[in-house]
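K.L.:
One file: upload_31.pdb (PDB, C-alpha atoms).
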```
ATOM      1  CA  MET A   9      12.462  30.111  49.539
ATOM      2  CA  ASP A  10      15.056  32.621  48.656
ATOM      3  CA  GLN A  11      15.203  34.686  45.502
ATOM      4  CA  SER A  12      17.937  32.649  43.752
ATOM      5  CA  THR A  13      16.018  29.392  44.268
ATOM      6  CA  LYS A  14      12.864  30.959  42.832
ATOM      7  CA  GLN A  15      14.904  32.228  39.868
ATOM      8  CA  SER A  16      16.393  28.770  39.189
ATOM      9  CA  ILE A  17      12.923  27.162  39.405
ATOM     10  CA  ARG A  18      11.598  29.725  36.889
ATOM     11  CA  GLU A  19      14.511  29.044  34.549
ATOM     12  CA  ALA A  20      14.031  25.277  34.877
ATOM     13  CA  ASN A  21      10.304  25.656  34.147
ATOM     14  CA  LYS A  22      11.072  27.900  31.182
ATOM     15  CA  LYS A  23      13.584  25.369  29.782
ATOM     16  CA  PHE A  24      11.085  22.558  30.319
ATOM     17  CA  LEU A  25       8.314  24.482  28.536
ATOM     18  CA  MET A  26      10.628  25.385  25.654
ATOM     19  CA  LYS A  27      11.658  21.743  25.344
ATOM     20  CA  GLU A  28       7.996  20.653  25.335
ATOM     21  CA  TYR A  29       7.161  23.338  22.745
ATOM     22  CA  LYS A  30       9.998  22.202  20.460
ATOM     23  CA  MET A  31       8.922  18.583  20.845
ATOM     24  CA  PHE A  32       5.343  19.577  19.976
ATOM     25  CA  GLN A  33       6.609  21.496  16.925
ATOM     26  CA  ASN A  34       8.675  18.470  15.860
ATOM     27  CA  LYS A  35       5.597  16.233  16.175
ATOM     28  CA  LYS A  36       3.553  18.657  14.071
ATOM     29  CA  THR A  37       6.315  18.744  11.475
ATOM     30  CA  LEU A  38       6.501  14.950  11.463
ATOM     31  CA  ILE A  39       2.738  14.620  11.054
ATOM     32  CA  VAL A  40       2.733  17.113   8.175
ATOM     33  CA  ALA A  41       5.731  15.366   6.597
ATOM     34  CA  LEU A  42       3.826  12.077   6.694
ATOM     35  CA  ILE A  43       0.448  13.396   5.567
ATOM     36  CA  VAL A  44       1.543  15.534   2.588
ATOM     37  CA  PRO A  45       3.019  12.655   0.511
ATOM     38  CA  ILE A  46       0.032  10.436   1.288
ATOM     39  CA  LEU A  47      -2.419  13.154   0.211
ATOM     40  CA  SER A  48      -0.356  13.805  -2.921
ATOM     41  CA  LEU A  49      -0.458  10.123  -3.836
ATOM     42  CA  ILE A  50      -4.223  10.016  -3.274
ATOM     43  CA  ALA A  51      -4.683  13.131  -5.450
ATOM     44  CA  LEU A  52      -2.533  11.702  -8.269
ATOM     45  CA  THR A  53      -4.366   8.366  -8.198
ATOM     46  CA  SER A  54      -7.739  10.125  -8.150
ATOM     47  CA  TYR A  55      -6.746  12.284 -11.136
ATOM     48  CA  LYS A  56      -5.658   9.210 -13.137
ATOM     49  CA  LYS A  57      -8.919   7.405 -12.250
ATOM     50  CA  TYR A  58     -10.880  10.535 -13.249
ATOM     51  CA  ILE A  59      -9.263  10.525 -16.707
ATOM     52  CA  LEU A  60     -10.130   6.841 -17.130
ATOM     53  CA  ALA A  61     -13.724   7.445 -16.017
ATOM     54  CA  VAL A  62     -14.637  10.534 -18.057
ATOM     55  CA  GLY A  63     -12.384  10.278 -21.102
ATOM     56  CA  TYR A  64     -13.307   9.006 -24.542
ATOM     57  CA  GLU A  65     -11.398   6.023 -25.895
ATOM     58  CA  ILE A  66      -8.840   6.244 -28.686
ATOM     59  CA  VAL A  67      -6.793   3.339 -30.032
ATOM     60  CA  LEU A  68      -3.441   4.186 -31.626
ATOM     61  CA  PRO A  69      -0.804   1.865 -33.125
ATOM     62  CA  ILE A  70       2.611   1.679 -31.444
ATOM     63  CA  SER A  71       6.100   0.648 -32.552
ATOM     64  CA  GLY A  72       9.670   0.517 -31.319
ATOM     65  CA  TYR A  73       9.198  -1.667 -28.268
ATOM     66  CA  ASP A  74      11.711  -1.783 -25.441
ATOM     67  CA  PRO A  75      10.482  -4.401 -22.962
ATOM     68  CA  ARG A  76      12.494  -3.389 -19.933
ATOM     69  CA  ASP A  77      13.588  -0.186 -18.278
ATOM     70  CA  LEU A  78      16.226  -1.328 -15.803
ATOM     71  CA  LEU A  79      15.758   1.671 -13.538
ATOM     72  CA  SER A  80      11.996   1.419 -13.174
ATOM     73  CA  GLY A  81      11.107  -2.246 -13.621
ATOM     74  CA  HIS A  82       9.288  -4.058 -16.408
ATOM     75  CA  TYR A  83       7.819  -1.424 -18.659
ATOM     76  CA  ILE A  84       7.229  -1.489 -22.357
ATOM     77  CA  THR A  85       8.505   1.753 -23.819
ATOM     78  CA  TYR A  86       7.171   2.516 -27.298
ATOM     79  CA  ARG A  87       6.589   5.173 -29.940
ATOM     80  CA  ILE A  88       2.998   6.093 -30.684
ATOM     81  CA  GLU A  89       2.043   6.367 -34.337
ATOM     82  CA  TYR A  90      -0.175   9.472 -34.438
ATOM     83  CA  GLY A  91      -0.527   9.381 -38.223
ATOM     84  CA  LEU A  92       1.520  12.531 -38.813
ATOM     85  CA  LEU A  93       4.854  12.511 -40.599
ATOM     86  CA  GLU A  94       6.423  15.429 -38.788
ATOM     87  CA  ILE A  95       5.248  16.221 -35.293
ATOM     88  CA  CYS A  96       7.957  18.090 -33.438
ATOM     89  CA  SER A  97      10.795  17.998 -35.939
ATOM     90  CA  THR A  98      11.812  21.643 -35.500
ATOM     91  CA  GLN A  99      11.104  22.011 -31.762
ATOM     92  CA  TYR A 100      14.247  21.607 -29.673
ATOM     93  CA  GLU A 101      13.115  23.520 -26.622
ATOM     94  CA  SER A 102      10.318  22.384 -24.380
ATOM     95  CA  GLN A 103       6.995  23.651 -25.734
ATOM     96  CA  THR A 104       3.381  22.654 -25.076
ATOM     97  CA  ALA A 105       1.774  21.027 -28.094
ATOM     98  CA  TYR A 106      -1.545  19.442 -29.059
ATOM     99  CA  ILE A 107      -2.012  16.674 -31.591
ATOM    100  CA  CYS A 108      -5.446  17.018 -33.139
ATOM    101  CA  LEU A 109      -6.838  13.604 -34.128
ATOM    102  CA  GLU A 110     -10.297  14.696 -35.311
ATOM    103  CA  PRO A 111     -11.647  16.214 -37.492
ATOM    104  CA  GLU A 112      -8.245  16.424 -39.215
ATOM    105  CA  LYS A 113      -4.851  15.195 -37.958
ATOM    106  CA  SER A 114      -2.549  18.123 -37.258
ATOM    107  CA  ILE A 115      -0.271  19.596 -34.603
ATOM    108  CA  HIS A 116      -0.860  22.901 -32.804
ATOM    109  CA  PHE A 117       1.239  24.869 -30.334
ATOM    110  CA  SER A 118      -1.773  26.444 -28.634
ATOM    111  CA  GLU A 119      -5.006  24.704 -27.660
ATOM    112  CA  PRO A 120      -6.999  24.278 -30.875
ATOM    113  CA  SER A 121     -10.662  25.272 -30.743
ATOM    114  CA  SER A 122     -11.711  23.257 -33.792
ATOM    115  CA  CYS A 123     -10.421  19.918 -32.497
ATOM    116  CA  THR A 124     -12.962  17.378 -31.252
ATOM    117  CA  LYS A 125     -10.324  14.819 -30.204
ATOM    118  CA  MET A 126      -6.801  15.798 -29.244
ATOM    119  CA  ILE A 127      -3.867  14.744 -27.081
ATOM    120  CA  ALA A 128      -1.943  17.335 -25.082
ATOM    121  CA  GLY A 129       1.770  16.937 -24.580
ATOM    122  CA  GLU A 130       5.107  18.591 -25.026
ATOM    123  CA  CYS A 131       7.577  18.903 -27.869
ATOM    124  CA  ASN A 132      11.094  18.486 -26.585
ATOM    125  CA  ASN A 133      14.230  17.678 -28.595
ATOM    126  CA  GLY A 134      12.176  16.836 -31.663
ATOM    127  CA  GLN A 135       9.856  14.372 -29.897
ATOM    128  CA  PHE A 136       6.235  14.636 -28.767
ATOM    129  CA  LYS A 137       5.719  13.313 -25.233
ATOM    130  CA  ALA A 138       2.294  13.044 -23.590
ATOM    131  CA  GLY A 139       3.237  10.895 -20.578
ATOM    132  CA  ILE A 140       1.718   7.779 -22.172
ATOM    133  CA  GLU A 141       4.841   6.288 -23.736
ATOM    134  CA  LYS A 142       5.304   3.520 -21.132
ATOM    135  CA  TYR A 143       3.152   0.622 -20.022
ATOM    136  CA  TYR A 144       3.845  -1.471 -16.904
ATOM    137  CA  VAL A 145       4.049  -5.236 -17.354
ATOM    138  CA  PRO A 146       4.128  -7.724 -14.451
ATOM    139  CA  GLU A 147       7.512  -9.398 -14.211
ATOM    140  CA  ASP A 148       6.148 -12.933 -14.627
ATOM    141  CA  LYS A 149       4.474 -11.959 -17.943
ATOM    142  CA  ALA A 150       7.320  -9.866 -19.388
ATOM    143  CA  LYS A 151       9.056 -12.558 -21.454
ATOM    144  CA  TYR A 152       5.800 -13.893 -22.864
ATOM    145  CA  LEU A 153       4.616 -10.402 -23.726
ATOM    146  CA  GLU A 154       7.956  -9.503 -25.309
ATOM    147  CA  SER A 155       7.679 -12.428 -27.735
ATOM    148  CA  GLN A 156       4.010 -11.705 -28.479
ATOM    149  CA  ILE A 157       4.476  -7.993 -29.057
ATOM    150  CA  ARG A 158       7.143  -8.602 -31.702
ATOM    151  CA  SER A 159       4.987 -11.083 -33.634
ATOM    152  CA  LYS A 160       1.624  -9.291 -33.491
ATOM    153  CA  SER A 161       0.209  -5.884 -34.379
ATOM    154  CA  ALA A 162       0.382  -3.741 -31.213
ATOM    155  CA  SER A 163      -1.628  -0.694 -30.203
ATOM    156  CA  ILE A 164      -2.680   1.111 -27.050
ATOM    157  CA  ALA A 165      -6.138   2.036 -25.866
ATOM    158  CA  LEU A 166      -6.179   5.515 -24.345
ATOM    159  CA  SER A 167      -8.733   7.390 -22.312
ATOM    160  CA  VAL A 168      -8.536  11.082 -23.239
ATOM    161  CA  THR A 169     -10.328  14.020 -21.631
ATOM    162  CA  ARG A 170     -11.764  16.929 -23.630
ATOM    163  CA  ASN A 171      -8.713  19.064 -22.798
ATOM    164  CA  GLY A 172      -6.367  16.392 -24.192
ATOM    165  CA  ARG A 173      -5.050  14.739 -21.019
ATOM    166  CA  ALA A 174      -4.475  11.060 -21.781
ATOM    167  CA  GLN A 175      -4.123   7.908 -19.713
ATOM    168  CA  VAL A 176      -3.266   4.432 -21.014
ATOM    169  CA  LYS A 177      -6.151   1.983 -20.526
ATOM    170  CA  ASP A 178      -4.678  -1.149 -22.049
ATOM    171  CA  LEU A 179      -2.103  -2.635 -24.382
ATOM    172  CA  LEU A 180      -3.702  -4.399 -27.349
ATOM    173  CA  LEU A 181      -2.200  -7.185 -29.450
ATOM    174  CA  ASP A 182      -4.049  -7.820 -32.706
ATOM    175  CA  GLY A 183      -6.904  -5.761 -31.256
ATOM    176  CA  GLN A 184      -7.275  -7.856 -28.086
ATOM    177  CA  PRO A 185      -6.204  -6.875 -24.548
ATOM    178  CA  TRP A 186      -2.859  -8.516 -23.824
ATOM    179  CA  LYS A 187      -4.144  -9.963 -20.529
ATOM    180  CA  GLU A 188      -6.741 -12.046 -22.400
ATOM    181  CA  LEU A 189      -4.028 -13.449 -24.673
ATOM    182  CA  ALA A 190      -1.797 -14.192 -21.669
ATOM    183  CA  ILE A 191      -4.618 -16.068 -19.912
ATOM    184  CA  ASP A 192      -5.480 -18.030 -23.078
ATOM    185  CA  SER A 193      -1.849 -19.120 -23.454
ATOM    186  CA  GLN A 194      -1.612 -20.670 -19.987
TER     187      GLN A 194
END
```
Would you kindly transcribe this structure into C-alpha cells?

P.N.:
Amino acid sequence: MDQSTKQSIREANKKFLMKEYKMFQNKKTLIVALIVPILSLIALTSYKKYILAVGYEIVLPISGYDPRDLLSGHYITYRIEYGLLEICSTQYESQTAYICLEPEKSIHFSEPSSCTKMIAGECNNGQFKAGIEKYYVPEDKAKYLESQIRSKSASIALSVTRNGRAQVKDLLLDGQPWKELAIDSQ
C-alpha cells in the first residue's frame, strides 16, 4: 500500500468516526430533549398532588363565572371572594402578596408571621392572582354546570399549604361537590 492510499484510508476512517460521533451526539440530544419535558411534567404533577395531600382545606365563595375559555377548553373562570374590600387596588406592577385568612383577614406584601392560614399570590394590574382562578369542566357537563352555577351558591374548596400555595380541590354548588349534583341529575 502506498502512502497516498494509507492517507485516504485514514481520512475516510476519520470522517466515518466524526459522522458516528455526531450521530451519537444527536441521539443524546434527542434523548435529553424527550426526557426533560417528561420529568418536568412528572415534577409538576407531583407538586400539585403534594399540595392536595398536605394542605388544609379552605372553602371560599366565588362569583363572576365565565364557563368557557375558547383557547384552553371548558374552564370556569371566576373571581374569588376573599372577604376583603380592597386587595390590590393600588398595585399596578407585579408584586408578591399574601392574603391572610386567619386570625384576621388582611393583605401583606411580605410573608406574614402571624398568619395561621394564608394564600400566596401576586398583585398585578389591581388584581390578586394565586393560580386558582380557573376550574376545568368536562365538555359533556359544561352546559349543565353553566346553568347550575348561575342558579346556586358557588364556592371552591382549596387545599393550602402552610406557606400559602393553593390548589383547587373541588367546585361546590350549594355546599355540595358539583359532580354529585351532576350524577343526581342524570

K.L.:
One decimal, Å: what's the distance from atom CA of Gln33 of chain A over to atom CA of Pro45 of chain A, could you say?

P.N.:
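Calculated distance between atom CA of Gln33 of chain A and atom CA of Pro45 of chain A is 19.0 Å.
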
K.L.:
Apply the PyMOL selection byres ((chain A and resi 136-152) around 9) to the file shown and report the selected residues as number ranges by chain.

P.N.:
A: 75-76, 81-88, 95-96, 105, 107, 127-135, 153-157, 166, 173-176, 178-179, 190

K.L.:
Take the residues that were just selected and, keeping C-alpha atoms, output them as a PDB file, keeping the file's coordinate frame.

P.N.:
```
ATOM      1  CA  PRO A  75      10.482  -4.401 -22.962  1.00  0.00           C
ATOM      2  CA  ARG A  76      12.494  -3.389 -19.933  1.00  0.00           C
ATOM      3  CA  GLY A  81      11.107  -2.246 -13.621  1.00  0.00           C
ATOM      4  CA  HIS A  82       9.288  -4.058 -16.408  1.00  0.00           C
ATOM      5  CA  TYR A  83       7.819  -1.424 -18.659  1.00  0.00           C
ATOM      6  CA  ILE A  84       7.229  -1.489 -22.357  1.00  0.00           C
ATOM      7  CA  THR A  85       8.505   1.753 -23.819  1.00  0.00           C
ATOM      8  CA  TYR A  86       7.171   2.516 -27.298  1.00  0.00           C
ATOM      9  CA  ARG A  87       6.589   5.173 -29.940  1.00  0.00           C
ATOM     10  CA  ILE A  88       2.998   6.093 -30.684  1.00  0.00           C
ATOM     11  CA  ILE A  95       5.248  16.221 -35.293  1.00  0.00           C
ATOM     12  CA  CYS A  96       7.957  18.090 -33.438  1.00  0.00           C
ATOM     13  CA  ALA A 105       1.774  21.027 -28.094  1.00  0.00           C
ATOM     14  CA  ILE A 107      -2.012  16.674 -31.591  1.00  0.00           C
ATOM     15  CA  ILE A 127      -3.867  14.744 -27.081  1.00  0.00           C
ATOM     16  CA  ALA A 128      -1.943  17.335 -25.082  1.00  0.00           C
ATOM     17  CA  GLY A 129       1.770  16.937 -24.580  1.00  0.00           C
ATOM     18  CA  GLU A 130       5.107  18.591 -25.026  1.00  0.00           C
ATOM     19  CA  CYS A 131       7.577  18.903 -27.869  1.00  0.00           C
ATOM     20  CA  ASN A 132      11.094  18.486 -26.585  1.00  0.00           C
ATOM     21  CA  ASN A 133      14.230  17.678 -28.595  1.00  0.00           C
ATOM     22  CA  GLY A 134      12.176  16.836 -31.663  1.00  0.00           C
ATOM     23  CA  GLN A 135       9.856  14.372 -29.897  1.00  0.00           C
ATOM     24  CA  LEU A 153       4.616 -10.402 -23.726  1.00  0.00           C
ATOM     25  CA  GLU A 154       7.956  -9.503 -25.309  1.00  0.00           C
ATOM     26  CA  SER A 155       7.679 -12.428 -27.735  1.00  0.00           C
ATOM     27  CA  GLN A 156       4.010 -11.705 -28.479  1.00  0.00           C
ATOM     28  CA  ILE A 157       4.476  -7.993 -29.057  1.00  0.00           C
ATOM     29  CA  LEU A 166      -6.179   5.515 -24.345  1.00  0.00           C
ATOM     30  CA  ARG A 173      -5.050  14.739 -21.019  1.00  0.00           C
ATOM     31  CA  ALA A 174      -4.475  11.060 -21.781  1.00  0.00           C
ATOM     32  CA  GLN A 175      -4.123   7.908 -19.713  1.00  0.00           C
ATOM     33  CA  VAL A 176      -3.266   4.432 -21.014  1.00  0.00           C
ATOM     34  CA  ASP A 178      -4.678  -1.149 -22.049  1.00  0.00           C
ATOM     35  CA  LEU A 179      -2.103  -2.635 -24.382  1.00  0.00           C
ATOM     36  CA  ALA A 190      -1.797 -14.192 -21.669  1.00  0.00           C
TER      37      ALA A 190
END
```

K.L.:
Just give me the gap between atom CA of Thr104 of chain A and atom CA of Ser118 of chain A in Å, one decimal is fine.

P.N.:
7.3 Å

K.L.:
What does the distance from atom CA of Lys57 of chain A to atom CA of Thr169 of chain A come to in Å, to one decimal?

P.N.:
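If I compute the distance from atom CA of Lys57 of chain A to atom CA of Thr169 of chain A, I get 11.6 Å.
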
K.L.:
Might you pull out every residue within 10 Å of Gly91 of chain A, with all atoms listed in the file counted and same-chain residues fewer than 5 positions away left off, and present them as a list in words?

P.N.:
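That gives Leu68, Pro69, Ile107, Leu109, Lys113 and Ser114 of chain A.
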
K.L.:
For Glu112 of chain A, which of A:Val67, A:Met126, A:Val44, A:Leu52 is the closest residue, counting all atoms listed in the file?

P.N.:
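Among the listed residues, the smallest separation from Glu112 of chain A belongs to A:Met126.
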